[in-house]
$ cat input02.txt   # compact mmCIF, C-alpha atoms
# COMPACT_ATOMS: atom_id res chain seq x y z
CA MET A 422 77.55 85.35 140.32
CA THR A 423 79.07 85.61 136.82
CA PRO A 424 77.07 83.53 134.31
CA PRO A 425 78.90 80.70 132.52
CA ILE A 426 80.30 81.39 129.08
CA ASP A 427 78.36 79.90 126.18
CA LEU A 428 81.18 78.73 123.93
CA GLN A 429 78.74 78.10 121.09
CA GLN A 430 77.98 81.84 121.05
CA THR A 431 81.67 82.86 121.17
CA SER A 432 83.33 84.10 117.98
CA ALA A 433 86.69 82.71 116.88
CA GLU A 434 88.37 86.00 117.81
CA GLU A 435 86.83 86.03 121.28
CA ALA A 436 87.73 82.37 121.80
CA GLU A 437 91.35 83.04 120.82
CA PHE A 438 91.53 85.99 123.24
CA LYS A 439 90.04 83.96 126.09
CA ALA A 440 92.42 81.07 125.41
CA SER A 441 95.46 83.37 125.33
CA THR A 442 94.40 84.85 128.67
CA LEU A 443 94.13 81.39 130.21
CA ILE A 444 97.50 80.32 128.78
CA GLU A 445 99.15 83.46 130.20
CA SER A 446 98.17 82.23 133.67
CA LEU A 447 99.80 78.80 133.20
CA PRO A 448 103.26 79.67 134.64
CA TRP A 449 101.62 81.22 137.69
CA LEU A 450 99.28 78.27 138.16
CA LYS A 451 102.34 76.01 138.22
CA GLN A 452 104.08 78.31 140.71
CA TYR A 453 101.21 78.64 143.16
CA ARG A 454 99.59 75.20 142.98
CA ASP A 455 99.51 73.52 146.43
CA GLN A 456 100.92 76.73 147.96
CA ILE A 457 99.34 78.85 150.71
CA VAL A 458 98.34 82.41 149.78
CA VAL A 459 97.14 84.69 152.59
CA VAL A 460 94.80 87.50 151.52
CA LYS A 461 93.92 90.43 153.76
CA TYR A 462 90.42 91.60 152.83
CA GLY A 463 89.16 95.06 153.78
CA GLY A 464 88.45 98.62 152.74
CA ASN A 465 86.09 99.51 149.90
CA ALA A 466 86.22 95.94 148.59
CA MET A 467 84.01 95.03 151.57
CA ILE A 468 81.37 97.71 151.00
CA SER A 469 80.27 97.25 147.37
CA GLU A 470 78.10 94.18 146.76
CA GLU A 471 79.63 93.78 143.30
CA LEU A 472 83.17 93.82 144.69
CA GLN A 473 82.21 91.40 147.47
CA ASP A 474 80.92 88.96 144.87
CA ALA A 475 84.03 89.38 142.69
CA PHE A 476 86.30 88.76 145.69
CA ALA A 477 84.38 85.61 146.63
CA GLU A 478 84.71 84.37 143.04
CA ASP A 479 88.47 85.03 143.13
CA ILE A 480 88.92 83.05 146.35
CA ALA A 481 86.80 80.16 145.09
CA TYR A 482 88.75 80.17 141.82
CA LEU A 483 92.04 79.85 143.72
CA ARG A 484 90.67 76.82 145.55
CA TYR A 485 89.45 75.17 142.33
CA VAL A 486 92.86 75.50 140.63
CA GLY A 487 94.69 73.88 143.55
CA ILE A 488 95.89 76.90 145.53
CA LYS A 489 95.29 77.13 149.29
CA PRO A 490 93.83 80.57 150.06
CA VAL A 491 93.49 81.90 153.61
CA VAL A 492 91.50 85.10 154.19
CA VAL A 493 92.00 87.51 157.11
CA HIS A 494 89.56 90.42 157.36
CA GLY A 495 88.91 93.56 159.35
CA GLY A 496 85.86 95.79 159.09
CA GLY A 497 86.56 99.42 159.98
CA PRO A 498 83.70 101.05 158.02
CA GLN A 499 81.11 98.55 159.25
CA ILE A 500 82.31 98.94 162.85
CA SER A 501 82.04 102.72 162.59
CA ASN A 502 78.51 102.45 161.20
CA MET A 503 77.38 100.15 163.99
CA LEU A 504 78.93 102.34 166.71
CA ASP A 505 77.09 105.33 165.24
CA ARG A 506 73.80 103.42 165.19
CA LEU A 507 74.25 102.46 168.83
CA ALA A 508 75.32 106.01 169.78
CA ILE A 509 78.68 104.78 171.09
CA PRO A 510 81.31 107.52 170.63
CA SER A 511 84.22 106.79 168.27
CA GLU A 512 87.53 108.31 169.30
CA PHE A 513 90.76 108.20 167.35
CA LYS A 514 94.29 108.86 168.59
CA GLY A 515 97.20 109.09 166.19
CA GLY A 516 95.04 107.59 163.45
CA TYR A 517 94.05 104.56 165.55
CA ARG A 518 90.57 103.80 166.87
CA VAL A 519 90.31 103.82 170.65
CA THR A 520 88.37 100.68 171.57
CA SER A 521 86.57 100.96 174.89
CA THR A 522 85.13 98.05 176.86
CA GLU A 523 81.73 98.98 175.40
CA ALA A 524 83.10 99.26 171.86
CA ILE A 525 84.97 95.92 171.86
CA SER A 526 81.64 94.09 172.13
CA VAL A 527 80.49 95.88 168.97
CA VAL A 528 83.79 95.17 167.18
CA ARG A 529 83.51 91.49 168.02
CA MET A 530 79.84 91.34 167.00
CA VAL A 531 80.43 93.05 163.63
CA LEU A 532 83.53 91.05 162.72
CA THR A 533 82.44 87.59 163.85
CA GLY A 534 78.66 87.90 163.59
CA GLN A 535 78.18 89.99 160.47
CA ILE A 536 81.15 90.27 158.11
CA ASN A 537 82.62 86.81 158.63
CA PRO A 538 79.47 84.75 157.99
CA GLN A 539 78.50 86.96 155.03
CA LEU A 540 81.87 86.37 153.36
CA VAL A 541 81.78 82.66 154.14
CA ALA A 542 78.32 82.42 152.55
CA LYS A 543 79.43 84.24 149.40
CA ILE A 544 82.43 81.95 148.92
CA ASN A 545 80.30 78.89 149.64
CA SER A 546 77.86 79.85 146.89
CA HIS A 547 80.61 78.46 144.60
CA GLY A 548 81.26 75.27 146.58
CA PRO A 549 81.29 74.06 150.20
CA PHE A 550 84.79 75.24 151.04
CA ALA A 551 84.85 78.28 153.34
CA VAL A 552 84.76 78.05 157.12
CA GLY A 553 84.57 81.02 159.50
CA LEU A 554 87.08 81.50 162.31
CA SER A 555 88.30 84.31 164.52
CA GLY A 556 91.65 84.89 166.17
CA GLU A 557 90.02 83.66 169.39
CA ASP A 558 89.19 80.19 168.03
CA ALA A 559 91.58 77.56 169.38
CA ALA A 560 93.83 80.49 170.44
CA LEU A 561 94.83 81.08 166.82
CA PHE A 562 96.10 84.54 167.77
CA GLY A 563 97.31 85.88 171.10
CA GLY A 564 97.48 89.63 171.63
CA ARG A 565 98.82 92.22 174.04
CA ARG A 566 97.54 95.75 174.50
CA ARG A 567 99.34 98.51 172.69
CA GLY A 568 99.26 102.29 172.83
CA VAL A 569 100.26 105.07 170.45
CA MET A 570 102.94 107.73 170.82
CA ILE A 571 101.62 111.30 170.55
CA ASP A 572 104.09 114.16 171.06
CA GLY A 573 106.46 111.81 172.85
CA VAL A 574 103.82 110.49 175.26
CA GLU A 575 102.27 107.02 174.99
CA GLU A 576 98.47 107.25 174.91
CA SER A 577 96.18 104.31 175.67
CA LEU A 578 94.03 102.83 172.90
CA GLY A 579 91.93 100.74 175.26
CA ARG A 580 91.18 97.21 174.03
CA VAL A 581 93.53 97.41 171.03
CA GLY A 582 96.43 95.01 170.71
CA ASN A 583 99.32 93.66 168.69
CA VAL A 584 99.50 90.03 167.63
CA GLU A 585 102.19 88.53 169.84
CA LYS A 586 101.54 84.83 169.24
CA VAL A 587 100.21 82.69 166.40
CA ASP A 588 99.25 79.02 166.58
CA PRO A 589 98.55 78.03 162.96
CA THR A 590 97.25 74.55 163.90
CA PRO A 591 93.52 75.27 163.40
CA VAL A 592 94.21 76.90 160.01
CA LEU A 593 96.45 74.04 158.88
CA ASP A 594 93.80 71.53 159.96
CA HIS A 595 91.25 73.23 157.69
CA LEU A 596 93.71 73.50 154.80
CA ARG A 597 94.45 69.78 155.06
CA ALA A 598 90.69 69.21 154.74
CA ASP A 599 90.69 71.37 151.56
CA ARG A 600 88.74 74.16 153.25
CA ILE A 601 89.19 77.93 152.98
CA PRO A 602 89.70 79.53 156.42
CA VAL A 603 88.14 83.01 156.71
CA ILE A 604 89.45 84.70 159.86
CA ALA A 605 88.10 87.73 161.75
CA GLY A 606 90.68 90.11 163.22
CA VAL A 607 90.18 89.81 166.98
CA ALA A 608 92.42 88.08 169.51
CA PRO A 609 92.34 86.93 173.13
CA ASP A 610 94.31 89.16 175.52
CA LEU A 611 97.29 87.11 176.73
CA ASP A 612 97.56 89.21 179.88
CA ASN A 613 93.84 89.22 180.73
CA PRO A 614 92.28 85.78 180.08
CA GLY A 615 88.68 86.02 178.93
CA HIS A 616 89.17 89.49 177.41
CA THR A 617 89.19 90.27 173.68
CA LEU A 618 91.40 92.71 171.77
CA ASN A 619 90.78 94.52 168.50
CA ILE A 620 93.84 93.82 166.29
CA ASN A 621 95.05 95.31 163.03
CA ALA A 622 94.07 92.91 160.25
CA ASP A 623 97.08 93.83 158.09
CA ALA A 624 99.49 92.88 160.87
CA ALA A 625 97.46 89.77 161.72
CA ALA A 626 97.53 88.58 158.09
CA SER A 627 101.29 89.15 157.94
CA ALA A 628 101.91 87.26 161.18
CA LEU A 629 99.74 84.38 159.99
CA ALA A 630 101.45 84.27 156.58
CA ARG A 631 104.82 83.97 158.29
CA SER A 632 103.59 81.27 160.65
CA LEU A 633 102.05 79.25 157.81
CA GLY A 634 105.10 79.55 155.56
CA ALA A 635 102.86 81.12 152.90
CA LYS A 636 104.09 81.61 149.37
CA LYS A 637 102.53 85.06 149.15
CA LEU A 638 100.71 87.73 151.16
CA VAL A 639 98.20 89.93 149.32
CA VAL A 640 96.83 93.03 151.07
CA LEU A 641 93.77 94.75 149.58
CA THR A 642 93.83 98.54 149.87
CA ASP A 643 91.86 101.54 148.61
CA VAL A 644 94.68 102.89 146.42
CA PRO A 645 96.45 101.53 143.30
CA GLY A 646 99.64 100.82 145.25
CA LEU A 647 102.63 102.48 146.89
CA TYR A 648 103.66 105.93 145.64
CA ALA A 649 107.30 106.86 146.16
CA ASP A 650 106.41 110.56 146.00
CA TRP A 651 102.75 111.01 146.94
CA PRO A 652 100.65 112.74 145.57
CA ASN A 653 102.61 112.43 142.30
CA ARG A 654 100.63 109.68 140.57
CA ASP A 655 103.51 108.99 138.20
CA SER A 656 105.56 107.73 141.16
CA LEU A 657 103.63 104.45 141.57
CA VAL A 658 106.10 101.67 142.46
CA SER A 659 105.29 98.27 140.98
CA HIS A 660 108.19 96.28 142.46
CA LEU A 661 110.74 96.85 145.20
CA THR A 662 112.98 94.94 147.58
CA SER A 663 112.65 94.88 151.35
CA SER A 664 115.78 97.06 151.63
CA GLU A 665 114.29 99.67 149.30
CA LEU A 666 111.02 99.63 151.23
CA ARG A 667 112.84 100.03 154.55
CA GLU A 668 114.42 103.23 153.22
CA LEU A 669 111.05 104.55 152.03
CA MET A 670 109.10 103.82 155.23
CA PRO A 671 109.88 107.10 157.08
CA LYS A 672 108.56 109.08 154.08
CA LEU A 673 105.22 107.27 153.71
CA GLU A 674 101.77 108.62 154.50
CA SER A 675 100.51 107.41 157.90
CA GLY A 676 97.66 105.39 156.39
CA MET A 677 100.04 103.40 154.19
CA ILE A 678 102.58 102.58 156.89
CA PRO A 679 100.70 99.64 158.55
CA LYS A 680 100.10 97.97 155.18
CA MET A 681 103.68 98.35 153.99
CA GLN A 682 104.99 97.29 157.41
CA ALA A 683 102.87 94.15 157.09
CA CYS A 684 104.47 93.41 153.71
CA LEU A 685 107.97 94.12 155.03
CA ASP A 686 107.47 91.90 158.08
CA ALA A 687 106.14 89.12 155.83
CA VAL A 688 109.12 88.98 153.47
CA ASP A 689 111.56 89.44 156.37
CA GLY A 690 109.84 86.44 157.96
CA GLY A 691 110.28 84.12 154.98
CA VAL A 692 107.20 84.82 152.82
CA GLN A 693 108.47 84.87 149.24
CA LYS A 694 106.39 87.83 148.04
CA ALA A 695 103.99 90.38 149.52
CA SER A 696 101.79 92.76 147.56
CA ILE A 697 99.36 95.58 148.16
CA ILE A 698 96.67 95.82 145.49
CA ASP A 699 93.66 98.00 144.76
CA GLY A 700 90.61 96.22 146.16
CA ARG A 701 88.34 98.61 144.23
CA VAL A 702 89.28 96.80 141.00
CA PRO A 703 87.08 93.74 140.36
CA HIS A 704 89.05 90.47 140.41
CA SER A 705 92.24 92.27 141.48
CA VAL A 706 93.41 89.14 143.34
CA LEU A 707 93.38 87.07 140.14
CA VAL A 708 95.06 89.85 138.15
CA GLU A 709 97.83 90.05 140.75
CA LEU A 710 98.47 86.31 140.91
CA PHE A 711 97.96 85.19 137.32
CA THR A 712 99.34 87.92 135.04
CA SER A 713 102.92 88.84 134.21
CA ASN A 714 102.68 92.47 135.32
CA GLY A 715 100.24 91.98 138.20
CA ILE A 716 98.61 94.99 139.84
CA GLY A 717 99.68 97.24 142.70
CA THR A 718 103.06 97.03 144.46
CA GLU A 719 105.04 93.84 145.08
CA VAL A 720 107.73 93.49 147.76
CA VAL A 721 110.39 90.76 147.71
CA ALA A 722 113.30 89.98 150.02
CA ALA A 723 116.51 91.91 149.34

$ encode --input "input02.txt" --output "structure tokens"
Amino acid sequence: MTPPIDLQQTSAEEAEFKASTLIESLPWLKQYRDQIVVVKYGGNAMISEELQDAFAEDIAYLRYVGIKPVVVHGGGPQISNMLDRLAIPSEFKGGYRVTSTEAISVVRMVLTGQINPQLVAKINSHGPFAVGLSGEDAALFGGRRRGVMIDGVEESLGRVGNVEKVDPTPVLDHLRADRIPVIAGVAPDLDNPGHTLNINADAAASALARSLGAKKLVVLTDVPGLYADWPNRDSLVSHLTSSELRELMPKLESGMIPKMQACLDAVDGGVQKASIIDGRVPHSVLVELFTSNGIGTEVVAA
């Protein structure tokens, strides 16, 4: 946890700089106060203890200044580590993890029994706000199995699904109680009651943001943002419309497509803004929301 600032030990120059930084955030505080912001948490931001702590501080800060944050998380690296420890084979098809009946139990255990309570505890070290949920709780999400097309043939991914249904009631109930919902990316299988599906957390966060009427969707990634001409690092795009993004989609690297599709679906579904930001940068959520230039790539409706 960051120690409090001792104003008595702060020089006049430092105090002026700190004050100017706070004042710069004022227009954005006005814009986002009492609004819902959905944040998808994942990637390297989940691995480093320092970045975990910084993320928890960011989410607590949003709550203290009157914003209503909602967190949706995955856990790919942690799932892979646990599968390796248990000697359960990991298979990928078309860039997607195949989730067997044996593996789904591990996915569920890691997401709901390890990552979710750890993140809730870190946020709650700043105040009793966060509450852990999964897409299975009160049927928040409903999913259906999906496959992947490889050489024109659809291949099975096992217990992997798309989010087909969202009931935001449990999340809205917690928001009305001034809590911070922290949601693990699994969902009940609509076609097989009692079965669980592994769902893409980017898509789940986007679907939830649309259902909640969120002001903004923020997706944490492991890159600075969207590059129009990867690997040319001078081609980083800071702002684009949904129409411009739709034109770029066929040219994007496969790993970036789900994240940008999540942003596109969000703004098409009524979310005012959607951004991908670099989760490796401490306090990137605050920089994105409360500075004029932000960080990463922002998508708005055409």

$ atom_distance --input "input02.txt" --atom1 "CA of Ile620 in chain A" --atom2 "CA of Phe562 in chain A"
9.7 Å

$ closest_residue --input "input02.txt" --among "A:Gly563, A:Gly464, A:Pro645, A:Gly676" --to "Gly717 in chain A" --atoms "only C-alpha atoms"
A:Pro645

$ atom_distance --input "input02.txt" --atom1 "CA of Leu507 in chain A" --atom2 "CA of Met530 in chain A"
12.6 Å

$ residues_around --input "input02.txt" --residues "Ile457 in chain A" --least-positions-apart "2" --cutoff "8 Å" --atoms "all atoms listed in the file" --output "list of chain:residue names"
A:Tyr453, A:Asp455, A:Val459, A:Ile488, A:Lys489, A:Pro490, A:Val491, A:Leu633, A:Gly634, A:Ala635, A:Lys636, A:Lys637

$ residues_around --input "input02.txt" --residues "range 548-560 of chain A" --least-positions-apart "6" --cutoff "10 Å" --atoms "only C-alpha atoms" --output "ChimeraX atom specification"
/A:477,480-481,484-485,490-494,529,532-534,536-542,584,586-592,595-596,598-611,615-620,625

$ closest_residue --input "input02.txt" --among "A:Val458, A:Ile468, A:Ile697, A:Leu629" --to "Leu641 in chain A" --atoms "only C-alpha atoms"
A:Ile697
